[in-house]
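Source file: final_27.tsv; contents: TSV, C-alpha atoms.
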```tsv
chain	number	residue	atom	x	y	z
Q	1	MET	CA	-21.41	-36.46	-16.76
Q	2	LYS	CA	-19.28	-33.35	-17.37
Q	3	LYS	CA	-21.24	-30.22	-18.25
Q	4	PRO	CA	-20.24	-28.68	-21.62
Q	5	VAL	CA	-18.47	-25.33	-21.31
Q	6	ASP	CA	-20.29	-22.32	-22.77
Q	7	LEU	CA	-17.34	-20.76	-24.59
Q	8	ASP	CA	-18.92	-17.35	-25.21
Q	9	ALA	CA	-19.97	-17.03	-21.57
Q	10	MET	CA	-16.50	-18.16	-20.47
Q	11	ALA	CA	-14.80	-15.51	-22.63
Q	12	ALA	CA	-17.13	-12.77	-21.40
Q	13	ALA	CA	-16.84	-13.72	-17.74
Q	14	TYR	CA	-13.11	-14.27	-17.53
Q	15	ARG	CA	-11.77	-11.66	-19.95
Q	16	PRO	CA	-11.57	-8.89	-17.25
Q	17	VAL	CA	-9.62	-11.04	-14.77
Q	18	ILE	CA	-7.30	-12.34	-17.51
Q	19	TYR	CA	-6.63	-8.77	-18.65
Q	20	PHE	CA	-6.11	-7.63	-15.05
Q	21	ARG	CA	-3.60	-10.43	-14.36
Q	22	ILE	CA	-1.65	-9.64	-17.55
Q	23	ARG	CA	-1.60	-5.89	-16.89
Q	24	LYS	CA	-0.44	-6.44	-13.32
Q	25	ALA	CA	2.42	-8.66	-14.53
Q	26	LEU	CA	3.50	-6.62	-17.56
Q	27	GLY	CA	2.58	-3.06	-16.57
Q	28	ARG	CA	-0.55	-0.99	-17.08
Q	29	ASP	CA	0.81	0.81	-20.12
Q	30	ASN	CA	2.11	-2.21	-21.99
Q	31	PRO	CA	0.38	-2.02	-25.40
Q	32	ASP	CA	0.59	-5.82	-25.84
Q	33	CYS	CA	-1.75	-6.63	-22.91
Q	34	GLU	CA	-4.86	-6.62	-25.09
Q	35	ASP	CA	-3.31	-8.97	-27.68
Q	36	ILE	CA	-2.04	-11.34	-24.98
Q	37	ALA	CA	-5.49	-11.48	-23.36
Q	38	ASN	CA	-7.01	-12.33	-26.76
Q	39	SER	CA	-4.42	-15.04	-27.36
Q	40	VAL	CA	-5.09	-16.56	-23.91
Q	41	LEU	CA	-8.81	-16.75	-24.64
Q	42	MET	CA	-8.20	-18.23	-28.11
Q	43	GLN	CA	-5.86	-20.83	-26.63
Q	44	ALA	CA	-8.38	-21.66	-23.90
Q	45	VAL	CA	-11.23	-22.05	-26.40
Q	46	GLU	CA	-9.06	-24.32	-28.56
Q	47	LYS	CA	-8.10	-26.47	-25.60
Q	48	VAL	CA	-11.72	-26.81	-24.48
Q	49	ARG	CA	-12.79	-27.74	-28.02
Q	50	LYS	CA	-10.06	-30.38	-28.21
Q	51	GLY	CA	-11.26	-31.80	-24.91
Q	52	GLU	CA	-8.08	-30.86	-23.05
Q	53	PHE	CA	-10.12	-29.34	-20.21
Q	54	ARG	CA	-11.26	-32.43	-18.37
Q	55	GLY	CA	-12.81	-30.68	-15.41
Q	56	ASP	CA	-10.10	-31.80	-12.95
Q	57	SER	CA	-9.80	-28.20	-11.82
Q	58	THR	CA	-12.18	-25.26	-11.98
Q	59	ILE	CA	-12.41	-23.34	-15.22
Q	60	GLY	CA	-10.90	-20.38	-13.33
Q	61	THR	CA	-7.79	-22.34	-12.37
Q	62	PHE	CA	-7.55	-23.71	-15.92
Q	63	LEU	CA	-7.58	-20.15	-17.33
Q	64	TYR	CA	-5.21	-18.90	-14.62
Q	65	THR	CA	-2.66	-21.55	-15.64
Q	66	ILE	CA	-2.89	-20.67	-19.34
Q	67	THR	CA	-2.59	-16.94	-18.53
Q	68	SER	CA	0.45	-17.42	-16.27
Q	69	ARG	CA	2.22	-19.55	-18.92
Q	70	ARG	CA	1.43	-17.02	-21.63
Q	71	ILE	CA	2.90	-14.22	-19.47
Q	72	VAL	CA	6.13	-16.20	-18.95
Q	73	ASP	CA	6.33	-16.94	-22.70
Q	74	TYR	CA	5.82	-13.27	-23.49
Q	75	ILE	CA	8.56	-12.14	-21.08
Q	76	ARG	CA	11.00	-14.69	-22.56
Q	77	TRP	CA	10.14	-13.62	-26.10
Q	78	LYS	CA	10.52	-9.95	-25.18
Q	79	GLN	CA	13.94	-10.57	-23.60
Q	80	ARG	CA	15.11	-12.30	-26.79
Q	81	VAL	CA	13.83	-9.46	-28.98
Q	82	LEU	CA	15.37	-6.78	-26.79
Q	83	GLN	CA	18.78	-8.49	-26.97
Q	84	HIS	CA	18.89	-7.80	-30.71
Q	85	ALA	CA	17.02	-4.52	-31.07
Q	86	PRO	CA	16.22	-2.25	-28.14
Q	87	GLU	CA	12.65	-1.12	-28.26
Q	88	PRO	CA	11.92	2.59	-28.68
Q	89	SER	CA	10.27	4.17	-25.65
Q	90	LEU	CA	6.48	4.14	-25.63
Q	91	PRO	CA	4.40	7.28	-26.04
Q	92	ALA	CA	2.62	8.43	-22.89
Q	93	ASP	CA	-0.29	6.12	-21.94
Q	94	PRO	CA	-0.70	4.42	-25.32
Q	95	GLY	CA	-4.11	2.96	-25.88
Q	96	LYS	CA	-5.58	4.58	-22.83
Q	97	SER	CA	-9.16	5.06	-23.82
Q	98	TYR	CA	-11.10	8.22	-23.33
Q	99	GLU	CA	-13.45	6.39	-20.95
Q	100	LEU	CA	-10.55	5.20	-18.83
Q	101	GLN	CA	-9.10	8.72	-18.63
Q	102	GLU	CA	-12.49	10.08	-17.69
Q	103	ARG	CA	-12.94	7.42	-15.00
Q	104	GLU	CA	-9.50	8.18	-13.56
Q	105	GLY	CA	-10.42	11.86	-13.57
Q	106	ARG	CA	-13.57	11.11	-11.59
Q	107	ILE	CA	-11.59	9.03	-9.09
Q	108	ALA	CA	-9.12	11.91	-8.70
Q	109	GLU	CA	-12.00	14.33	-8.02
Q	110	ALA	CA	-13.49	11.94	-5.47
Q	111	VAL	CA	-10.13	11.60	-3.69
Q	112	LYS	CA	-9.78	15.38	-3.61
Q	113	GLU	CA	-13.19	15.70	-1.95
Q	114	LEU	CA	-12.35	13.32	0.90
Q	115	LYS	CA	-12.06	14.65	4.43
Q	116	PRO	CA	-8.47	15.32	5.55
Q	117	ARG	CA	-8.47	12.37	7.95
Q	118	PHE	CA	-9.26	9.93	5.12
Q	119	LYS	CA	-6.68	11.56	2.87
Q	120	LYS	CA	-4.08	11.11	5.55
Q	121	ILE	CA	-4.91	7.41	5.97
Q	122	LEU	CA	-4.70	6.88	2.19
Q	123	GLN	CA	-1.44	8.83	2.07
Q	124	LEU	CA	0.27	6.78	4.77
Q	125	TYR	CA	-1.26	3.38	4.03
Q	126	TYR	CA	-1.63	3.24	0.25
Q	127	TYR	CA	0.77	5.90	-1.07
Q	128	GLN	CA	3.64	5.45	1.36
Q	129	GLY	CA	2.88	1.76	1.84
Q	130	LEU	CA	3.45	1.90	5.61
Q	131	SER	CA	2.24	-1.11	7.58
Q	132	ARG	CA	-1.10	-0.93	9.43
Q	133	GLU	CA	0.83	-0.91	12.70
Q	134	ASP	CA	3.03	2.04	11.62
Q	135	VAL	CA	0.03	4.06	10.43
Q	136	ALA	CA	-1.81	3.18	13.66
Q	137	ALA	CA	1.14	4.33	15.78
Q	138	HIS	CA	1.34	7.56	13.85
Q	139	LEU	CA	-2.34	8.41	14.09
Q	140	GLY	CA	-2.94	7.03	17.57
Q	141	ILE	CA	-5.62	4.54	16.47
Q	142	SER	CA	-5.73	0.74	16.38
Q	143	PRO	CA	-4.39	-1.19	13.35
Q	144	LYS	CA	-7.91	-2.56	12.81
Q	145	LYS	CA	-9.23	1.02	12.59
Q	146	VAL	CA	-6.58	1.79	9.96
Q	147	SER	CA	-7.95	-0.96	7.68
Q	148	GLU	CA	-11.53	0.03	8.43
Q	149	GLN	CA	-10.95	3.69	7.66
Q	150	ALA	CA	-8.90	2.98	4.52
Q	151	HIS	CA	-11.64	0.69	3.22
Q	152	TYR	CA	-14.30	3.21	4.17
Q	153	ALA	CA	-12.40	5.87	2.20
Q	154	VAL	CA	-12.30	3.51	-0.80
Q	155	LYS	CA	-16.06	2.94	-0.39
Q	156	LEU	CA	-16.66	6.71	-0.36
Q	157	ILE	CA	-14.61	7.11	-3.54
Q	158	LYS	CA	-16.54	4.31	-5.26
Q	159	LYS	CA	-19.83	5.79	-4.15
Q	160	SER	CA	-18.80	9.22	-5.40
Q	161	ILE	CA	-17.76	8.03	-8.88
Q	162	LYS	CA	-21.01	6.07	-9.30
Q	163	ARG	CA	-23.04	9.25	-8.80
E	1	MET	CA	-32.52	-17.89	4.68
E	2	SER	CA	-31.38	-19.65	1.51
E	3	PRO	CA	-27.95	-21.36	1.49
E	4	GLN	CA	-26.94	-19.04	-1.33
E	5	LYS	CA	-27.62	-15.97	0.83
E	6	VAL	CA	-25.66	-17.46	3.71
E	7	ARG	CA	-22.77	-18.14	1.35
E	8	LEU	CA	-22.88	-14.56	0.08
E	9	MET	CA	-22.82	-13.15	3.60
E	10	ARG	CA	-19.79	-15.20	4.61
E	11	LYS	CA	-16.64	-13.14	4.11
E	12	CYS	CA	-14.00	-14.67	1.85
E	13	HIS	CA	-10.75	-14.95	3.83
E	14	PHE	CA	-8.74	-13.81	0.78
E	15	GLU	CA	-10.45	-10.41	1.10
E	16	GLU	CA	-8.03	-9.48	3.87
E	17	LYS	CA	-5.12	-9.99	1.50
E	18	ILE	CA	-6.25	-7.57	-1.19
E	19	ASP	CA	-4.28	-4.61	0.15
E	20	ASP	CA	-1.17	-6.70	0.76
E	21	TYR	CA	-1.40	-8.05	-2.78
E	22	LEU	CA	-1.76	-4.59	-4.33
E	23	LEU	CA	1.00	-3.16	-2.14
E	24	GLU	CA	3.33	-6.05	-3.09
E	25	LYS	CA	3.55	-7.30	0.49
E	26	LEU	CA	2.77	-10.98	-0.16
E	27	ASP	CA	5.50	-13.58	-0.63
E	28	GLU	CA	5.63	-15.51	-3.91
E	29	ALA	CA	3.53	-18.47	-2.79
E	30	GLU	CA	0.86	-16.24	-1.24
E	31	ARG	CA	0.83	-14.01	-4.33
E	32	GLU	CA	0.32	-16.96	-6.67
E	33	ALA	CA	-2.44	-18.42	-4.49
E	34	PHE	CA	-4.14	-15.01	-4.38
E	35	GLN	CA	-3.86	-14.55	-8.16
E	36	GLU	CA	-5.36	-17.98	-8.76
E	37	HIS	CA	-8.14	-17.15	-6.31
E	38	LEU	CA	-9.01	-14.03	-8.32
E	39	PHE	CA	-9.88	-16.31	-11.25
E	40	ASN	CA	-12.26	-18.28	-9.04
E	41	CYS	CA	-13.88	-15.54	-6.93
E	42	PRO	CA	-15.68	-12.75	-8.82
E	43	SER	CA	-16.31	-10.86	-5.56
E	44	CYS	CA	-12.62	-10.65	-4.62
E	45	PHE	CA	-11.71	-9.81	-8.21
E	46	ALA	CA	-14.21	-6.92	-8.32
E	47	ARG	CA	-12.88	-5.52	-5.03
E	48	THR	CA	-9.24	-5.94	-6.09
E	49	SER	CA	-9.83	-4.36	-9.48
E	50	ASP	CA	-11.66	-1.35	-7.96
E	51	ARG	CA	-9.02	-0.82	-5.31
E	52	GLU	CA	-6.18	-1.18	-7.83
E	53	GLU	CA	-7.69	1.56	-9.97
E	54	ILE	CA	-7.94	3.91	-6.99
E	55	LEU	CA	-4.41	3.03	-5.88
E	56	HIS	CA	-3.10	3.80	-9.36
E	57	VAL	CA	-4.69	7.26	-9.30
E	58	ILE	CA	-3.28	7.93	-5.82
E	59	LYS	CA	0.20	6.72	-6.73
E	60	THR	CA	0.33	8.80	-9.91
E	61	ASN	CA	-1.20	11.95	-8.34
E	62	PRO	CA	0.13	12.16	-4.76
E	63	SER	CA	-0.74	15.87	-4.65
E	64	LEU	CA	-4.44	14.86	-4.42
E	65	LEU	CA	-3.78	13.81	-0.86
E	66	THR	CA	-1.99	16.99	0.18
E	67	GLU	CA	-4.02	19.51	2.10
E	68	PRO	CA	-3.50	23.18	1.30
E	69	GLU	CA	-1.47	24.89	4.01
E	70	GLY	CA	-3.40	26.50	6.83
E	71	VAL	CA	-6.22	23.94	6.76
E	72	PRO	CA	-6.32	21.93	9.99
E	73	GLU	CA	-5.78	18.22	9.35
E	74	THR	CA	-8.53	17.04	11.63
E	75	ARG	CA	-11.16	18.38	14.00
E	76	PRO	CA	-9.81	19.20	17.47
E	77	PHE	CA	-9.15	16.04	19.51
E	78	PHE	CA	-10.44	13.96	16.60
E	79	ARG	CA	-7.87	11.21	17.09
E	80	LEU	CA	-8.44	11.05	20.82
E	81	ARG	CA	-12.21	10.91	20.39
E	82	LEU	CA	-11.91	8.31	17.63
E	83	TRP	CA	-9.67	6.19	19.81
E	84	LEU	CA	-11.85	6.49	22.90
E	85	ALA	CA	-15.00	5.78	20.90
E	86	SER	CA	-13.53	2.50	19.70
E	87	PHE	CA	-13.45	1.14	23.30
E	88	LYS	CA	-16.24	-1.16	24.53
E	89	PRO	CA	-16.94	-1.55	28.30
E	90	ARG	CA	-15.19	-4.93	28.34
E	91	GLU	CA	-12.17	-3.33	26.62
E	92	TRP	CA	-12.15	-0.50	29.20
E	93	ALA	CA	-11.92	-3.12	31.95
E	94	LEU	CA	-9.17	-4.93	30.06
E	95	ALA	CA	-7.34	-1.64	29.51
E	96	GLY	CA	-7.51	-0.88	33.25
E	97	LEU	CA	-6.19	-4.32	34.11
E	98	THR	CA	-3.44	-4.02	31.48
E	99	ALA	CA	-2.46	-0.60	32.87
E	100	CYS	CA	-2.13	-2.06	36.40
E	101	VAL	CA	-0.05	-4.98	35.18
E	102	SER	CA	2.08	-2.66	33.04
E	103	LEU	CA	2.73	-0.37	35.99
E	104	ALA	CA	3.77	-3.34	38.10
E	105	VAL	CA	6.09	-4.62	35.34
E	106	LEU	CA	7.50	-1.12	34.83
E	107	ALA	CA	8.19	-0.75	38.53
E	108	LEU	CA	9.92	-4.13	38.48
E	109	LEU	CA	12.00	-3.21	35.43
E	110	LEU	CA	13.07	0.13	36.88
E	111	THR	CA	14.54	-1.62	39.88
E	112	ARG	CA	16.62	-3.95	37.69
E	113	PRO	CA	19.59	-2.97	35.48
E	114	SER	CA	18.46	-3.26	31.85
E	115	ASP	CA	20.35	-5.16	29.16
E	116	SER	CA	21.05	-3.24	25.97
E	117	PRO	CA	19.38	-4.75	22.92
E	118	VAL	CA	21.68	-6.19	20.28
E	119	PHE	CA	21.90	-4.27	17.02
E	120	LEU	CA	23.72	-4.76	13.76
E	121	LEU	CA	24.86	-1.36	12.64
E	122	GLU	CA	24.55	-1.90	8.91
E	123	ASP	CA	22.30	0.76	7.40
E	124	ASP	CA	19.98	-1.60	5.53
E	125	THR	CA	19.90	-4.33	8.15
E	126	ALA	CA	16.85	-4.95	10.22
E	127	VAL	CA	17.53	-4.21	13.88
E	128	ARG	CA	15.63	-5.24	16.95
E	129	GLY	CA	14.87	-3.03	19.88
E	130	ASN	CA	12.56	-0.04	20.18
E	131	ALA	CA	11.29	2.00	17.28
E	132	VAL	CA	11.40	5.77	17.04
E	133	THR	CA	8.14	7.29	15.82
E	134	LEU	CA	8.63	10.13	13.38
E	135	ILE	CA	6.21	13.04	13.72
E	136	SER	CA	7.01	15.48	10.94
E	137	PRO	CA	7.42	15.44	8.01
E	138	VAL	CA	5.96	12.02	7.21
E	139	ILE	CA	3.78	12.95	4.29
E	140	ASP	CA	4.35	15.17	1.28
E	141	VAL	CA	4.85	18.77	2.21
E	142	GLY	CA	3.81	22.01	0.56
E	143	GLY	CA	7.22	23.62	1.01
E	144	ILE	CA	10.71	22.75	2.23
E	145	PRO	CA	10.25	21.67	5.86
E	146	ALA	CA	11.55	24.08	8.50
E	147	TYR	CA	12.20	21.37	11.10
E	148	PHE	CA	12.18	17.62	11.75
E	149	GLU	CA	10.41	16.20	14.79
E	150	TRP	CA	10.07	12.75	16.36
E	151	ARG	CA	8.86	11.18	19.60
E	152	VAL	CA	11.16	11.18	22.62
E	153	VAL	CA	12.71	7.76	23.29
E	154	GLY	CA	14.02	8.38	26.80
E	155	GLU	CA	16.10	10.65	28.93
E	156	ASN	CA	19.74	11.41	28.07
E	157	THR	CA	19.27	10.09	24.55
E	158	LEU	CA	21.34	11.22	21.59
E	159	TYR	CA	19.58	11.24	18.23
E	160	ASP	CA	21.33	10.89	14.87
E	161	LEU	CA	19.29	12.33	12.00
E	162	THR	CA	20.08	11.42	8.40
E	163	LEU	CA	18.43	13.27	5.51
E	164	SER	CA	18.98	11.82	2.05
E	165	ASN	CA	17.80	12.06	-1.49
E	166	HIS	CA	20.05	10.08	-3.83
E	167	THR	CA	22.95	10.54	-1.41
E	168	VAL	CA	23.22	11.66	2.19
E	169	LEU	CA	22.33	15.35	2.20
E	170	TRP	CA	22.71	16.10	5.89
E	171	LYS	CA	23.61	14.32	9.12
E	172	THR	CA	23.33	15.80	12.56
E	173	THR	CA	23.28	14.74	16.21
E	174	THR	CA	21.07	16.28	18.88
E	175	ARG	CA	19.69	15.67	22.37
E	176	GLU	CA	16.32	17.25	21.49
E	177	ASN	CA	13.45	15.51	19.69
E	178	ARG	CA	13.24	18.32	17.15
E	179	VAL	CA	15.85	19.93	14.97
E	180	VAL	CA	15.65	22.99	12.76
E	181	LEU	CA	16.85	22.53	9.20
E	182	PRO	CA	19.85	24.86	8.57
E	183	SER	CA	19.45	27.39	5.79
E	184	GLU	CA	22.37	25.96	3.78
E	185	ILE	CA	20.66	22.57	3.65
E	186	ARG	CA	17.27	24.17	2.85
E	187	ALA	CA	19.00	25.89	-0.08
E	188	LYS	CA	20.09	22.49	-1.41
E	189	MET	CA	16.56	21.05	-1.35
E	190	LYS	CA	14.35	21.52	-4.36
E	191	ALA	CA	10.60	21.52	-4.94
E	192	GLY	CA	9.35	18.42	-6.75
E	193	GLU	CA	12.11	16.21	-5.31
E	194	SER	CA	11.71	13.31	-2.91
E	195	TYR	CA	13.73	12.97	0.27
E	196	SER	CA	13.94	10.41	3.04
E	197	TRP	CA	14.93	10.76	6.66
E	198	GLN	CA	15.66	8.47	9.57
E	199	ILE	CA	16.44	8.76	13.27
E	200	LYS	CA	18.74	6.52	15.30
E	201	ALA	CA	18.68	6.87	19.07
E	202	PHE	CA	21.77	6.20	21.20
E	203	THR	CA	22.43	6.12	24.93
E	204	ALA	CA	24.95	8.57	26.39
E	205	GLU	CA	27.47	5.69	26.18
E	206	GLY	CA	26.87	5.38	22.43
E	207	THR	CA	24.76	2.20	22.41
E	208	LEU	CA	22.12	2.14	19.68
E	209	ILE	CA	18.73	1.69	21.38
E	210	ALA	CA	16.12	2.55	18.77
E	211	VAL	CA	15.74	3.19	15.05
E	212	SER	CA	12.90	4.77	13.09
E	213	SER	CA	11.66	3.60	9.72
E	214	ARG	CA	13.06	5.53	6.75
E	215	VAL	CA	10.25	7.87	5.74
E	216	ARG	CA	9.97	9.44	2.31
E	217	PHE	CA	8.37	12.78	1.55
E	218	THR	CA	8.13	14.95	-1.55
E	219	VAL	CA	8.37	18.72	-1.57
E	220	ALA	CA	5.42	19.93	-3.67
E	221	ARG	CA	6.06	22.30	-6.53
E	222	PRO	CA	4.57	25.75	-6.01
E	223	ASP	CA	1.39	26.21	-8.06
```
Here is a file; write its structure as structure tokens.
Amino acid sequence: MKKPVDLDAMAAAYRPVIYFRIRKALGRDNPDCEDIANSVLMQAVEKVRKGEFRGDSTIGTFLYTITSRRIVDYIRWKQRVLQHAPEPSLPADPGKSYELQEREGRIAEAVKELKPRFKKILQLYYYQGLSREDVAAHLGISPKKVSEQAHYAVKLIKKSIKR
Amino acid sequence: MSPQKVRLMRKCHFEEKIDDYLLEKLDEAEREAFQEHLFNCPSCFARTSDREEILHVIKTNPSLLTEPEGVPETRPFFRLRLWLASFKPREWALAGLTACVSLAVLALLLTRPSDSPVFLLEDDTAVRGNAVTLISPVIDVGGIPAYFEWRVVGENTLYDLTLSNHTVLWKTTTRENRVVLPSEIRAKMKAGESYSWQIKAFTAEGTLIAVSSRVRFTVARPD
């Protein structure tokens, strides 16, 4: 027998990944991301209540599908709106919360404190987007070391902002 | 050990794709599969979300990664020591064997006339053949660079250097693997702007033999 879905737990558990997916598709500073995430969750809850989630896939895949469709719908709607009335430009970082700004500030401080060799890896690999092989050739280390050191730098940053 | 612990210790194979996803290096099918996976794997999602946040800060504040001038980038021989430390005894043996085989192949190749690789000379077309490794500048610089330097490709090689921002700013040809930036070009470059440069290596007969990647750098604004 299919287990009933705990809707509150579902909303709490999947809201971050839904929001992340929407922000990645529509841009970090898009002020509509929050509303779209809410509408995805409302739609999902409604579908579950109506019995449209039959458990053929995981709940994650079910929510991923609704989110992806909602993103496509939003883009189509936005294109139609923009054809008739161009949107005024957005103010800088609308809706960016104080906590988010503070967290980004702490990340920036942690990056600044890194040793030069880690900064260089981050610069070449993440900022310039060079391949592991190109970074490895430039620094005279193996491509595997490039990944290891980049991930170690990320770990150091995470550790530093948790302090 | 409980099955749950074993499951937790096993590394998810999507983990290796996090960087490629964030750096937009996955094709469409891979990207969709990865995005769906994020909805089903809290561990990968947490890692992706954390790394994305850090990447965003780095991308929006590249100056965080720039070292003040005069500070050495690394400890002396750091790269060499790092590289040597990564070798295990078995790898040393393999490296020795590889070196012997390489020397034998090199000796064989030197005694045979080499065929020139085929290149398409379009600027944005991928070419095959050797790559030129650029040495400096490859990261953001504190001031307008005084010179451009790259690794030697071979003897009697001609190098074409192209420096661009929105358009081609300067082109020059040299036999050296380093060229000083003329003062009139330095005068045209501005702090805060991004530039890219590329090297193409030619034989004395004019056959293209190697191309570098096009590297971007930004000239930092003075504080």
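Interatomic distance, CA of Tyr159 in chain E to CA of Ser213 in chain E: 13.9 Å.
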- Message: For a quick test of understanding: name the residues of chain Q lying within 7 Å of chain E when counting all atoms listed in the file, and present them as a PyMOL selection string.
- Response: chain Q and resi 17+60-61+64+104+107-108+111-112+116-117+119-120+123+126-127+129+139-141
Neighbour list for Val152 in chain E as a short mmCIF file (atom, residue, chain, number, x, y, z; two decimals) with C-alpha atoms, keeping the file's coordinate frame, cut-off 9 Å, all atoms listed in the file, skip fewer than 6 positions in-chain:
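Saved as selection.cif:
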```cif
data_model
loop_
_atom_site.label_atom_id
_atom_site.label_comp_id
_atom_site.auth_asym_id
_atom_site.auth_seq_id
_atom_site.Cartn_x
_atom_site.Cartn_y
_atom_site.Cartn_z
CA VAL E 132 11.40 5.77 17.04
CA THR E 133 8.14 7.29 15.82
CA GLU E 176 16.32 17.25 21.49
CA ASN E 177 13.45 15.51 19.69
#
```
- Message: Set the distance at 8 Å and use only C-alpha atoms: which residues neighbour Arg15 in chain Q once local chain neighbours fewer than 3 positions away are removed? I'd like the list as an MDAnalysis selection string.
- Response: chainID Q and resid 11:12 18:19 37 41
So which residues are close to (-0.9, -0.6, 11.2), meaning at most 12 Å away in the file's coordinates with only C-alpha atoms counted, and can you show them as a PDB file with C-alpha atoms, keeping the file's coordinate frame?
```pdb
ATOM      1  CA  ILE Q 121      -4.910   7.410   5.970  1.00  0.00           C
ATOM      2  CA  LEU Q 124       0.270   6.780   4.770  1.00  0.00           C
ATOM      3  CA  TYR Q 125      -1.260   3.380   4.030  1.00  0.00           C
ATOM      4  CA  TYR Q 126      -1.630   3.240   0.250  1.00  0.00           C
ATOM      5  CA  GLY Q 129       2.880   1.760   1.840  1.00  0.00           C
ATOM      6  CA  LEU Q 130       3.450   1.900   5.610  1.00  0.00           C
ATOM      7  CA  SER Q 131       2.240  -1.110   7.580  1.00  0.00           C
ATOM      8  CA  ARG Q 132      -1.100  -0.930   9.430  1.00  0.00           C
ATOM      9  CA  GLU Q 133       0.830  -0.910  12.700  1.00  0.00           C
ATOM     10  CA  ASP Q 134       3.030   2.040  11.620  1.00  0.00           C
ATOM     11  CA  VAL Q 135       0.030   4.060  10.430  1.00  0.00           C
ATOM     12  CA  ALA Q 136      -1.810   3.180  13.660  1.00  0.00           C
ATOM     13  CA  ALA Q 137       1.140   4.330  15.780  1.00  0.00           C
ATOM     14  CA  HIS Q 138       1.340   7.560  13.850  1.00  0.00           C
ATOM     15  CA  LEU Q 139      -2.340   8.410  14.090  1.00  0.00           C
ATOM     16  CA  GLY Q 140      -2.940   7.030  17.570  1.00  0.00           C
ATOM     17  CA  ILE Q 141      -5.620   4.540  16.470  1.00  0.00           C
ATOM     18  CA  SER Q 142      -5.730   0.740  16.380  1.00  0.00           C
ATOM     19  CA  PRO Q 143      -4.390  -1.190  13.350  1.00  0.00           C
ATOM     20  CA  LYS Q 144      -7.910  -2.560  12.810  1.00  0.00           C
ATOM     21  CA  LYS Q 145      -9.230   1.020  12.590  1.00  0.00           C
ATOM     22  CA  VAL Q 146      -6.580   1.790   9.960  1.00  0.00           C
ATOM     23  CA  SER Q 147      -7.950  -0.960   7.680  1.00  0.00           C
ATOM     24  CA  GLU Q 148     -11.530   0.030   8.430  1.00  0.00           C
ATOM     25  CA  GLN Q 149     -10.950   3.690   7.660  1.00  0.00           C
ATOM     26  CA  ALA Q 150      -8.900   2.980   4.520  1.00  0.00           C
TER      27      ALA Q 150
END
```
- Query: Hey, can you check how far CA of Asn130 in chain E sits from CA of His166 in chain E?
  - Reply: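 CA of His166 in chain E lies 27.1 Å from CA of Asn130 in chain E.
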- Query: What is the distance between CA of Val81 in chain Q and CA of Asp29 in chain Q, in Å to one decimal?
  - Reply: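 About the pair CA of Val81 in chain Q and CA of Asp29 in chain Q: they are 18.8 Å apart.
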- Item | Nearest to Thr203 in chain E, chosen from E:Ile18, E:Ala93, E:Ala99, E:Val153, with all atoms listed in the file counted in the distances |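 Distance minimum relative to Thr203 in chain E lands on E:Val153.
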- Write out as a list in words each polymer residue whose atoms come within 9 Å of Arg106 in chain Q, counting only C-alpha atoms; drop sequence neighbours fewer than 5 positions from it.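 Answer for this query is Gln101, Val111, Ser160 and Ile161 of chain Q.
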Assuming 5 Å of padding per side, give the centre and edge lengths of the axis-aligned box around every listed atom of range 134-140 of chain Q, in Å to one decimal and as AutoDock Vina command-line options.
```
--center_x 0.0 --center_y 5.2 --center_z 14.0 --size_x 16.0 --size_y 16.4 --size_z 17.1
```
- Task: Write out as a PyMOL selection string the residues lying within 9 Å of Gly192 in chain E, counting all atoms listed in the file and excluding same-chain residues fewer than 2 positions away.
- Result: chain E and resi 190+194+218-222
- Item | Selection: 8 Å around range 180-188 of chain E, all atoms listed in the file, excl. self and same-chain fewer than 6 positions, as a ChimeraX atom specification | /E:144-148,169-170
- Which one of E:Cys100, E:Met189, E:Ala204, E:Leu110 sits closest to Gly143 in chain E if you count only C-alpha atoms?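 So, comparing all the options, the nearest one is E:Met189.
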- Compare Q:His151, Q:Ala110, Q:Lys24, Q:Val5 by their minimum atom-to-atom distance to Thr67 in chain Q, counting all atoms listed in the file, and give me the closest one.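 So, comparing all the options, the nearest one is Q:Lys24.
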N, CA, C and O atoms for range 184-188 of chain E, written as an mmCIF file, in the coordinates of the input, could you do that?
```
data_model
loop_
_atom_site.group_PDB
_atom_site.id
_atom_site.type_symbol
_atom_site.label_atom_id
_atom_site.label_comp_id
_atom_site.auth_asym_id
_atom_site.auth_seq_id
_atom_site.Cartn_x
_atom_site.Cartn_y
_atom_site.Cartn_z
ATOM 1 N N GLU E 184 21.552 26.455 4.901
ATOM 2 C CA GLU E 184 22.370 25.960 3.780
ATOM 3 C C GLU E 184 21.841 24.630 3.238
ATOM 4 O O GLU E 184 21.970 24.338 2.042
ATOM 5 N N ILE E 185 21.231 23.842 4.115
ATOM 6 C CA ILE E 185 20.660 22.570 3.650
ATOM 7 C C ILE E 185 19.330 22.847 2.929
ATOM 8 O O ILE E 185 19.032 22.270 1.892
ATOM 9 N N ARG E 186 18.538 23.792 3.502
ATOM 10 C CA ARG E 186 17.270 24.170 2.850
ATOM 11 C C ARG E 186 17.526 24.633 1.419
ATOM 12 O O ARG E 186 16.771 24.324 0.504
ATOM 13 N N ALA E 187 18.665 25.364 1.248
ATOM 14 C CA ALA E 187 19.000 25.890 -0.080
ATOM 15 C C ALA E 187 19.282 24.767 -1.068
ATOM 16 O O ALA E 187 19.071 24.918 -2.269
ATOM 17 N N LYS E 188 19.764 23.622 -0.522
ATOM 18 C CA LYS E 188 20.090 22.490 -1.410
ATOM 19 C C LYS E 188 18.860 21.703 -1.817
ATOM 20 O O LYS E 188 18.889 20.940 -2.765
#
```
